[in-house]
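Below is run.txt, which holds compact mmCIF, C-alpha atoms.
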# COMPACT_ATOMS: atom_id res chain seq x y z
CA MET A 1 -15.96 6.65 -11.56
CA SER A 2 -12.45 5.29 -11.84
CA ALA A 3 -8.93 6.27 -10.81
CA ALA A 4 -7.57 6.16 -14.37
CA SER A 5 -9.89 6.00 -17.32
CA ARG A 6 -8.69 4.88 -20.73
CA TYR A 7 -10.83 4.58 -23.81
CA ALA A 8 -9.93 3.26 -27.25
CA ILE A 9 -12.69 4.78 -29.34
CA ARG A 10 -13.12 3.36 -32.82
CA PHE A 11 -15.76 4.45 -35.33
CA ALA A 12 -15.95 3.77 -39.09
CA GLY A 13 -12.20 3.38 -39.32
CA GLY A 14 -11.51 6.47 -37.23
CA ALA A 15 -9.51 6.00 -34.02
CA VAL A 16 -9.09 8.15 -30.94
CA ASP A 17 -7.65 7.26 -27.56
CA VAL A 18 -8.64 9.09 -24.40
CA GLU A 19 -6.66 9.00 -21.17
CA ALA A 20 -7.82 10.57 -17.92
CA PRO A 21 -5.76 9.81 -14.82
CA GLY A 22 -7.25 10.82 -11.50
CA LEU A 23 -10.76 10.76 -10.12
CA ALA A 24 -11.90 14.16 -11.33
CA ALA A 25 -10.57 13.73 -14.87
CA GLY A 26 -11.79 10.14 -14.96
CA ALA A 27 -15.33 11.15 -14.07
CA ILE A 28 -15.45 13.60 -16.98
CA ALA A 29 -13.96 11.12 -19.42
CA ASP A 30 -16.34 8.42 -18.22
CA PHE A 31 -19.33 10.68 -18.83
CA VAL A 32 -18.19 11.63 -22.34
CA CYS A 33 -16.82 8.29 -23.49
CA ALA A 34 -18.76 5.55 -21.72
CA ALA A 35 -21.22 4.98 -24.56
CA LEU A 36 -18.88 5.74 -27.48
CA PRO A 37 -17.99 2.72 -29.63
CA ARG A 38 -14.77 1.08 -28.53
CA GLY A 39 -12.32 -1.27 -30.18
CA ASP A 40 -8.89 -2.77 -29.80
CA SER A 41 -6.47 -0.53 -27.99
CA ARG A 42 -3.66 -1.91 -30.14
CA PRO A 43 -2.49 -0.34 -32.30
CA ALA A 44 -2.79 2.90 -30.41
CA ALA A 45 -4.64 5.71 -32.14
CA ALA A 46 -2.68 8.49 -33.78
CA THR A 47 -4.90 11.00 -31.99
CA VAL A 48 -4.76 10.91 -28.19
CA PHE A 49 -6.65 13.21 -25.85
CA ARG A 50 -5.48 13.45 -22.27
CA LEU A 51 -7.38 15.10 -19.46
CA SER A 52 -5.20 15.60 -16.42
CA GLU A 53 -4.48 17.95 -13.56
CA ASP A 54 -2.10 20.80 -14.24
CA PRO A 55 0.29 20.69 -11.27
CA ALA A 56 0.97 24.41 -11.57
CA THR A 57 -2.62 25.57 -11.26
CA GLY A 58 -4.51 22.58 -9.92
CA GLU A 59 -7.00 22.95 -12.77
CA LEU A 60 -7.81 20.16 -15.17
CA ALA A 61 -6.25 20.61 -18.59
CA LEU A 62 -7.17 18.98 -21.88
CA PHE A 63 -4.36 17.98 -24.21
CA GLN A 64 -4.38 16.65 -27.76
CA GLY A 65 -1.06 14.90 -28.04
CA ARG A 66 1.37 17.38 -26.51
CA ARG A 67 -0.76 20.40 -27.37
CA ARG A 68 -2.66 21.93 -24.48
CA LEU A 69 -6.13 22.79 -25.77
CA THR A 70 -7.75 24.31 -22.71
CA ALA A 71 -7.78 24.32 -18.91
CA SER A 72 -10.65 25.06 -16.61
CA GLY A 73 -12.33 24.34 -13.32
CA ASP A 74 -15.62 23.94 -15.15
CA ARG A 75 -16.32 20.21 -15.64
CA GLY A 76 -19.04 20.91 -18.18
CA TRP A 77 -16.75 23.04 -20.31
CA LEU A 78 -14.05 20.36 -20.30
CA ALA A 79 -16.55 17.63 -21.13
CA ASP A 80 -17.89 19.69 -24.01
CA GLN A 81 -14.41 20.38 -25.38
CA LEU A 82 -13.37 16.73 -25.04
CA LEU A 83 -16.50 15.55 -26.84
CA ARG A 84 -15.99 18.06 -29.66
CA GLY A 85 -12.36 17.05 -30.05
CA VAL A 86 -13.13 13.33 -30.11
CA CYS A 87 -15.91 13.75 -32.68
CA THR A 88 -13.80 15.94 -34.95
CA ALA A 89 -10.86 13.53 -34.83
CA LEU A 90 -13.08 10.50 -35.50
CA ALA A 91 -14.72 12.23 -38.46
CA GLU A 92 -11.38 13.25 -39.91
CA GLY A 93 -10.00 9.72 -39.58
CA ALA A 94 -13.01 7.71 -40.69
CA SER A 95 -12.36 5.83 -43.92
CA ALA A 96 -14.39 2.61 -43.69
CA ALA A 97 -17.74 4.15 -44.65
CA PRO A 98 -19.29 7.51 -45.48
CA VAL A 99 -19.87 9.45 -42.27
CA PHE A 100 -22.47 12.18 -42.26
CA HIS A 101 -22.98 15.15 -39.97
CA ALA A 102 -26.35 13.85 -38.88
CA ALA A 103 -28.50 12.78 -36.00
CA ALA A 104 -29.51 9.12 -36.18
CA LEU A 105 -32.45 7.36 -34.60
CA SER A 106 -34.59 4.34 -35.29
CA TRP A 107 -38.23 3.48 -34.90
CA GLN A 108 -39.19 -0.17 -34.56
CA GLY A 109 -35.82 -1.16 -35.98
CA ARG A 110 -35.98 1.15 -39.00
CA GLY A 111 -33.20 3.70 -39.10
CA VAL A 112 -33.46 7.37 -40.03
CA ILE A 113 -30.62 9.81 -40.43
CA PHE A 114 -31.25 13.55 -40.02
CA PRO A 115 -28.33 15.28 -41.78
CA GLY A 116 -27.84 18.98 -41.18
CA GLY A 117 -25.22 21.59 -40.47
CA THR A 118 -24.38 23.21 -37.17
CA ALA A 119 -27.46 24.78 -35.53
CA ALA A 120 -29.79 22.84 -37.83
CA GLY A 121 -31.66 21.53 -34.81
CA LYS A 122 -30.38 17.95 -35.00
CA SER A 123 -29.84 17.49 -31.26
CA THR A 124 -33.15 19.07 -30.32
CA LEU A 125 -34.97 16.88 -32.80
CA ALA A 126 -33.08 13.80 -31.62
CA GLY A 127 -34.00 14.58 -28.01
CA TRP A 128 -37.64 15.13 -28.88
CA LEU A 129 -37.85 11.91 -30.88
CA ALA A 130 -36.15 9.98 -28.07
CA LEU A 131 -38.83 11.28 -25.71
CA GLN A 132 -41.45 10.02 -28.18
CA GLY A 133 -39.97 6.51 -27.94
CA TRP A 134 -37.50 6.47 -30.83
CA ALA A 135 -34.21 4.68 -30.20
CA TYR A 136 -31.33 7.15 -29.99
CA HIS A 137 -28.17 6.38 -31.99
CA SER A 138 -26.47 9.80 -32.24
CA ASP A 139 -27.07 13.53 -32.41
CA GLU A 140 -23.90 14.27 -34.40
CA LEU A 141 -22.37 11.56 -36.62
CA ALA A 142 -23.80 8.62 -38.55
CA ALA A 143 -21.85 6.13 -40.65
CA VAL A 144 -23.78 4.42 -43.43
CA SER A 145 -22.39 1.15 -44.73
CA ALA A 146 -23.16 0.02 -48.26
CA ASP A 147 -24.74 -3.25 -47.19
CA GLY A 148 -28.39 -2.71 -46.44
CA PRO A 149 -27.58 0.20 -46.28
CA THR A 150 -27.12 0.17 -42.54
CA LEU A 151 -26.62 3.11 -40.18
CA SER A 152 -24.29 3.13 -37.20
CA GLY A 153 -24.58 6.22 -35.06
CA LEU A 154 -21.81 7.59 -32.89
CA LEU A 155 -23.54 6.98 -29.58
CA ARG A 156 -22.54 9.97 -27.48
CA PRO A 157 -24.16 12.21 -24.89
CA LEU A 158 -27.03 14.20 -26.34
CA SER A 159 -25.75 17.77 -26.42
CA LEU A 160 -28.59 20.24 -25.92
CA LYS A 161 -28.47 24.01 -25.99
CA GLU A 162 -30.06 25.88 -23.12
CA SER A 163 -33.03 26.82 -25.30
CA SER A 164 -33.89 23.13 -25.79
CA LEU A 165 -33.63 21.96 -22.20
CA HIS A 166 -37.32 22.56 -21.54
CA LEU A 167 -37.98 19.41 -23.58
CA PHE A 168 -36.55 17.38 -20.74
CA ALA A 169 -37.96 19.45 -17.89
CA SER A 170 -40.43 16.75 -16.88
CA SER A 171 -37.96 13.87 -17.07
CA VAL A 172 -34.66 15.36 -15.89
CA ASP A 173 -33.93 17.55 -12.89
CA LEU A 174 -31.37 19.98 -14.24
CA GLY A 175 -31.21 21.76 -10.92
CA ALA A 176 -29.74 18.66 -9.31
CA PRO A 177 -27.80 16.95 -12.05
CA GLY A 178 -26.85 13.36 -11.36
CA ALA A 179 -24.57 10.89 -13.07
CA GLY A 180 -26.49 11.09 -16.34
CA ILE A 181 -26.47 14.88 -16.74
CA MET A 182 -23.59 17.28 -17.30
CA VAL A 183 -24.40 20.99 -17.28
CA THR A 184 -22.28 22.88 -19.80
CA PRO A 185 -21.82 26.61 -20.42
CA HIS A 186 -24.23 26.36 -23.38
CA GLY A 187 -26.82 23.94 -21.98
CA ALA A 188 -26.42 20.36 -20.88
CA MET A 189 -25.33 16.95 -22.03
CA ILE A 190 -27.53 13.97 -21.34
CA ALA A 191 -25.96 10.51 -21.19
CA PRO A 192 -27.40 7.98 -23.63
CA SER A 193 -28.24 5.76 -20.66
CA MET A 194 -30.88 8.36 -19.69
CA LEU A 195 -32.62 7.94 -23.06
CA ARG A 196 -34.97 5.01 -23.28
CA GLY A 197 -33.92 2.47 -25.91
CA SER A 198 -30.65 4.19 -26.79
CA GLY A 199 -27.75 2.37 -28.40
CA PRO A 200 -29.62 -0.44 -30.11
CA GLY A 201 -26.77 -1.12 -32.54
CA PRO A 202 -26.79 -0.78 -36.32
CA ALA A 203 -30.16 -0.44 -38.03
CA PRO A 204 -31.24 -0.74 -41.66
CA LEU A 205 -31.61 2.74 -43.07
CA ALA A 206 -35.15 3.57 -44.15
CA ARG A 207 -35.25 7.37 -44.44
CA ILE A 208 -32.99 10.37 -44.94
CA ILE A 209 -34.50 13.56 -43.55
CA PHE A 210 -32.47 16.73 -44.04
CA THR A 211 -33.18 18.88 -41.02
CA ASN A 212 -33.25 22.63 -40.80
CA TYR A 213 -34.49 24.52 -37.75
CA ARG A 214 -35.67 28.05 -38.48
CA ALA A 215 -37.08 30.09 -35.64
CA ASP A 216 -40.66 31.19 -36.29
CA SER A 217 -40.92 29.00 -39.38
CA ALA A 218 -43.92 26.84 -40.15
CA CYS A 219 -43.26 23.11 -40.33
CA LEU A 220 -42.56 21.71 -43.78
CA LEU A 221 -41.84 18.09 -44.69
CA GLN A 222 -41.41 17.44 -48.38
CA PRO A 223 -39.83 14.72 -50.53
CA LEU A 224 -36.55 15.40 -52.31
CA SER A 225 -35.47 13.97 -55.65
CA PRO A 226 -32.43 11.68 -55.54
CA ALA A 227 -30.26 14.29 -57.30
CA ARG A 228 -31.19 16.97 -54.79
CA ALA A 229 -30.52 14.46 -52.01
CA VAL A 230 -27.04 13.76 -53.42
CA VAL A 231 -26.12 17.45 -53.34
CA ARG A 232 -27.23 17.72 -49.71
CA LEU A 233 -25.60 14.45 -48.68
CA MET A 234 -22.30 15.62 -50.11
CA GLY A 235 -22.64 18.82 -48.10
CA CYS A 236 -22.96 16.80 -44.88
CA LEU A 237 -20.27 14.22 -45.65
CA VAL A 238 -17.54 14.82 -43.09
CA ASN A 239 -14.95 12.31 -44.32
CA ALA A 240 -15.18 12.93 -48.07
CA ARG A 241 -11.43 13.30 -48.43
CA ASN A 242 -10.91 9.74 -47.17
CA LEU A 243 -13.29 8.16 -49.71
CA PRO A 244 -12.90 7.35 -53.41
CA ASP A 245 -14.33 10.21 -55.54
CA HIS A 246 -14.94 12.11 -52.29
CA GLY A 247 -17.81 9.71 -51.56
CA LEU A 248 -19.87 10.71 -54.59
CA ALA A 249 -20.60 7.13 -55.66
CA ASP A 250 -21.69 6.27 -52.10
CA ALA A 251 -23.98 9.29 -51.96
CA VAL A 252 -25.54 8.46 -55.33
CA ARG A 253 -26.16 4.83 -54.33
CA LEU A 254 -27.72 5.95 -51.08
CA ALA A 255 -29.96 8.57 -52.67
CA GLU A 256 -31.14 6.14 -55.32
CA ARG A 257 -32.15 3.54 -52.73
CA ILE A 258 -33.43 5.49 -49.73
CA PRO A 259 -36.29 8.02 -49.81
CA ALA A 260 -35.14 11.49 -48.81
CA TYR A 261 -37.08 14.40 -47.36
CA GLN A 262 -36.49 17.97 -46.31
CA LEU A 263 -37.77 18.96 -42.87
CA ILE A 264 -37.98 22.62 -41.88
CA TYR A 265 -39.36 23.28 -38.43
CA GLY A 266 -39.68 26.14 -36.01
CA GLY A 267 -40.25 24.15 -32.84
CA CYS A 268 -40.85 20.64 -31.61
CA ASP A 269 -44.46 21.48 -30.79
CA GLN A 270 -45.04 21.49 -34.57
CA LEU A 271 -43.71 18.00 -35.08
CA GLY A 272 -46.56 16.05 -33.58
CA GLU A 273 -48.66 16.21 -36.69
CA HIS A 274 -45.69 15.20 -38.85
CA GLY A 275 -44.07 12.70 -36.52
CA GLU A 276 -46.04 9.78 -37.77
CA ARG A 277 -45.23 10.62 -41.38
CA LEU A 278 -41.53 10.32 -40.61
CA TRP A 279 -41.85 6.57 -40.29
CA ALA A 280 -45.38 5.42 -41.12
CA GLU A 281 -45.89 6.81 -44.58
CA PRO A 282 -45.06 4.54 -47.52
CA PRO A 283 -41.78 5.55 -49.11
CA ALA A 284 -42.52 8.39 -51.50
CA ARG A 285 -40.12 9.63 -54.11
CA ALA A 286 -39.92 13.21 -55.30
CA MET B 1 -15.70 33.72 -76.77
CA ASN B 2 -19.47 33.29 -76.83
CA ARG B 3 -19.91 29.53 -77.01
CA PRO B 4 -20.29 27.71 -73.68
CA ARG B 5 -18.66 24.38 -73.07
CA PRO B 6 -17.96 22.21 -70.00
CA ALA B 7 -15.04 23.39 -67.91
CA PRO B 8 -12.26 20.79 -67.65
CA GLY B 9 -12.60 18.39 -64.74
CA TYR B 10 -16.34 18.43 -64.28
CA ARG B 11 -18.07 15.08 -64.36
CA LEU B 12 -21.74 14.53 -65.03
CA GLU B 13 -23.48 11.95 -62.83
CA PRO B 14 -26.98 11.22 -64.19
CA ILE B 15 -29.55 10.28 -61.53
CA GLY B 16 -32.91 9.45 -63.08
CA ASP B 17 -33.94 12.36 -65.30
CA GLU B 18 -31.81 14.73 -63.24
CA ALA B 19 -28.08 14.85 -62.61
CA VAL B 20 -25.34 16.29 -60.48
CA LEU B 21 -22.17 17.92 -61.74
CA TYR B 22 -19.15 16.92 -59.72
CA PHE B 23 -15.86 18.76 -59.61
CA PRO B 24 -13.22 16.54 -57.97
CA GLY B 25 -10.84 19.44 -57.42
CA ASP B 26 -12.79 20.75 -54.46
CA SER B 27 -15.55 18.09 -54.24
CA ARG B 28 -18.10 20.67 -55.39
CA VAL B 29 -21.47 19.19 -56.42
CA LEU B 30 -24.09 21.07 -58.43
CA TYR B 31 -27.69 20.06 -58.96
CA CYS B 32 -29.05 19.87 -62.52
CA ASN B 33 -32.78 19.63 -63.17
CA PRO B 34 -33.85 18.10 -66.51
CA THR B 35 -33.74 21.51 -68.23
CA ALA B 36 -30.26 22.27 -66.95
CA LEU B 37 -29.15 18.80 -68.01
CA LEU B 38 -30.38 19.43 -71.56
CA ILE B 39 -28.63 22.80 -71.66
CA TRP B 40 -25.43 21.21 -70.33
CA HIS B 41 -25.47 18.66 -73.17
CA LEU B 42 -25.99 21.40 -75.76
CA SER B 43 -23.19 23.52 -74.30
CA ASP B 44 -20.47 21.67 -76.18
CA GLY B 45 -18.51 24.63 -77.50
CA THR B 46 -20.09 24.54 -80.96
CA ARG B 47 -23.23 26.60 -80.25
CA THR B 48 -23.78 30.13 -79.04
CA VAL B 49 -26.35 30.75 -76.32
CA ALA B 50 -28.66 32.17 -78.99
CA GLU B 51 -28.27 28.99 -81.03
CA ILE B 52 -29.04 26.84 -78.00
CA ILE B 53 -32.19 28.87 -77.37
CA ALA B 54 -33.25 28.57 -81.03
CA GLU B 55 -32.67 24.82 -81.01
CA LEU B 56 -34.73 24.32 -77.86
CA GLU B 57 -37.52 26.63 -79.07
CA ALA B 58 -37.76 24.56 -82.25
CA ALA B 59 -37.91 21.32 -80.22
CA TYR B 60 -40.36 22.67 -77.62
CA PRO B 61 -42.49 25.35 -79.37
CA GLU B 62 -45.10 25.23 -76.60
CA ALA B 63 -42.48 26.60 -74.18
CA ALA B 64 -40.93 29.10 -76.56
CA GLY B 65 -41.97 32.03 -74.38
CA VAL B 66 -39.86 30.98 -71.42
CA ILE B 67 -36.98 29.04 -72.95
CA GLY B 68 -34.83 32.12 -73.67
CA ALA B 69 -34.87 33.34 -70.08
CA ASP B 70 -34.41 29.80 -68.72
CA VAL B 71 -31.37 29.11 -70.89
CA GLU B 72 -29.72 32.44 -70.13
CA ALA B 73 -30.28 32.00 -66.38
CA THR B 74 -29.02 28.42 -66.39
CA VAL B 75 -25.93 29.22 -68.44
CA ALA B 76 -25.19 32.15 -66.14
CA THR B 77 -25.53 29.93 -63.07
CA LEU B 78 -23.26 27.26 -64.54
CA ALA B 79 -20.71 29.89 -65.58
CA ASP B 80 -20.78 31.58 -62.16
CA SER B 81 -20.09 28.25 -60.49
CA GLY B 82 -17.23 27.53 -62.87
CA ALA B 83 -18.86 24.53 -64.51
CA ILE B 84 -18.73 25.98 -68.01
CA GLU B 85 -16.24 28.14 -69.84
CA TRP B 86 -16.46 30.22 -73.00
CA VAL B 87 -14.79 29.54 -76.34

Please go through the file and, once you have read it, give me the structure as structure tokens.
Amino acid sequence: MSAASRYAIRFAGGAVDVEAPGLAAGAIADFVCAALPRGDSRPAAATVFRLSEDPATGELALFQGRRRLTASGDRGWLADQLLRGVCTALAEGASAAPVFHAAALSWQGRGVIFPGGTAAGKSTLAGWLALQGWAYHSDELAAVSADGPTLSGLLRPLSLKESSLHLFASSVDLGAPGAGIMVTPHGAMIAPSMLRGSGPGPAPLARIIFTNYRADSACLLQPLSPARAVVRLMGCLVNARNLPDHGLADAVRLAERIPAYQLIYGGCDQLGEHGERLWAEPPARA
Amino acid sequence: MNRPRPAPGYRLEPIGDEAVLYFPGDSRVLYCNPTALLIWHLSDGTRTVAEIIAELEAAYPEAAGVIGADVEATVATLADSGAIEWV
């Protein structure tokens, strides 16, 4: 906890600064930003979030530039809104590499990205894999550089919905949250420091697994052809407008080099039988 | 107005024996399986759909029973997505 927290967050060419004067605001900013990748604070980022006390109400208010986004006495709500804002701004500003809406983890140094839309089950899957011993890189954004290719995840708090919290019931006491847990209106955020082996740095990318959670669905893991993978990659590319040809050439190169799969699952209890296939099976092409 | 041809702006990106069609205007990307790729190449504005079907049935007589429906469905899909136009 600090009296005035400042973070210069830099990711794949995207830049966001966060300022949080005061103990209460600083504690929230520290929880959200402590693990996020940082860089030089000069030049200052064009996008600045500020979390500070509103003198009129005594509540904490979140600003983006001069625009007041929200105010609340709920720390979890403010942390959630700050994290969302930072991620959106980083994605919109990233220009150094393709950035995908994807969870990212690695197993024994081999990276896997799990692209998927909102509510595709990325965070739940990331949490489950982290509990199985995978190294956690991100549950939201993954940049993939052309060399290797190599993945760099946006290391941020794992953001779980209430329905997924049971995964951590044996390892985290949500009734008495400590420094590594932030209860939010929709569930909880778990600091990367609580996840064994998190934040190992960039990893060579070995698999692309498009993830889709469907309640009551059977588990399906099947290879995708490179062309089908390109279509899906383009659908999860969050900074297309900043890349030449909207990132098509990057997506094609990636799909031609890295085996891609589609994973549909209805619950983590189904994944045990498939878990080993995610990393142990020889690369298979569709 | 019954001959399909590629709509302006679309770019074909072959990937193995498949391809994607890319429209830079709105970064739309469409998947083409090998059959769709063949139909795309034949949709050059000089052939009617019936002529495309006849040409493919002559080249692949063993699949003659399904080619007509495949071509019509594929052309309809490409037209609905704006990837082909009619001349």

Expressed in Å to a single decimal, how great is the separation between atom CA of A:Gly197 and atom CA of A:Ala35?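 Atom-to-atom, atom CA of A:Gly197 and atom CA of A:Ala35 are spaced 13.0 Å apart.
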
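Residues of chain A lying within 9 Å of chain B, counting only C-alpha atoms, are Ser225, Pro226, Ala227, Arg228, Val230, Val231, Arg232, Met234, Gly235, Ala240, Arg241, Asp245, His246, Leu248, Val252 and Glu256 of chain A.
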
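Considering the residues B:Leu78, B:Arg3, B:Ala83, B:Pro8 and counting all atoms listed in the file, B:Val49 has its shortest atom-to-atom contact with B:Arg3.
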
Non-local contacts of A:Ser52 (12 Å; all atoms listed in the file; under 6 positions in same chain excluded) as a ChimeraX atom specification: /A:3-5,18-29,58-64,68-73,78,82

Env of stretch 94-111 of chain A: 7 Å cut, atoms = only C-alpha atoms, seq-sep filter 4 positions within chain, self excluded. Answer as a ChimeraX atom specification. /A:11-14,90,115-117,122-123,126,134-145,151,153,203-207,236-239,242-243,247

Figure out the distance between atom CA of A:Ala15 and atom CA of A:Gly93, please, to one decimal in Å.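 These atoms are spaced 6.7 Å apart.
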
What does the distance between atom CA of A:Cys87 and atom CA of A:Ile190 come to in Å, to one decimal place? 16.2 Å

Excluding A:Gly267 and residues on its chain fewer than 3 positions from it, collect all residues at most 10 Å away from it, counting all atoms listed in the file, and give them as a ChimeraX atom specification. /A:121,124-125,164,213-219,264,270-271

Can you pull out every residue within 8 Å of A:Trp77, counting all atoms listed in the file, but drop anything in the same chain fewer than 4 positions away, and send it as a PyMOL selection string? chain A and resi 72+81+184-185

Any chance you could work out the axis-aligned box around stretch 62-81 of chain B, listed atoms only, 5 Å on each side, giving centre and edge lengths in Å to one decimal, as AutoDock Vina command-line options?
--center_x -32.6 --center_y 29.3 --center_z -68.5 --size_x 35.0 --size_y 18.1 --size_z 26.1

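Distances here use only C-alpha atoms; by that measure, the residue among B:Ala64, B:Leu12, B:Ala36, B:Ala54 closest to B:Thr77 is B:Ala36.
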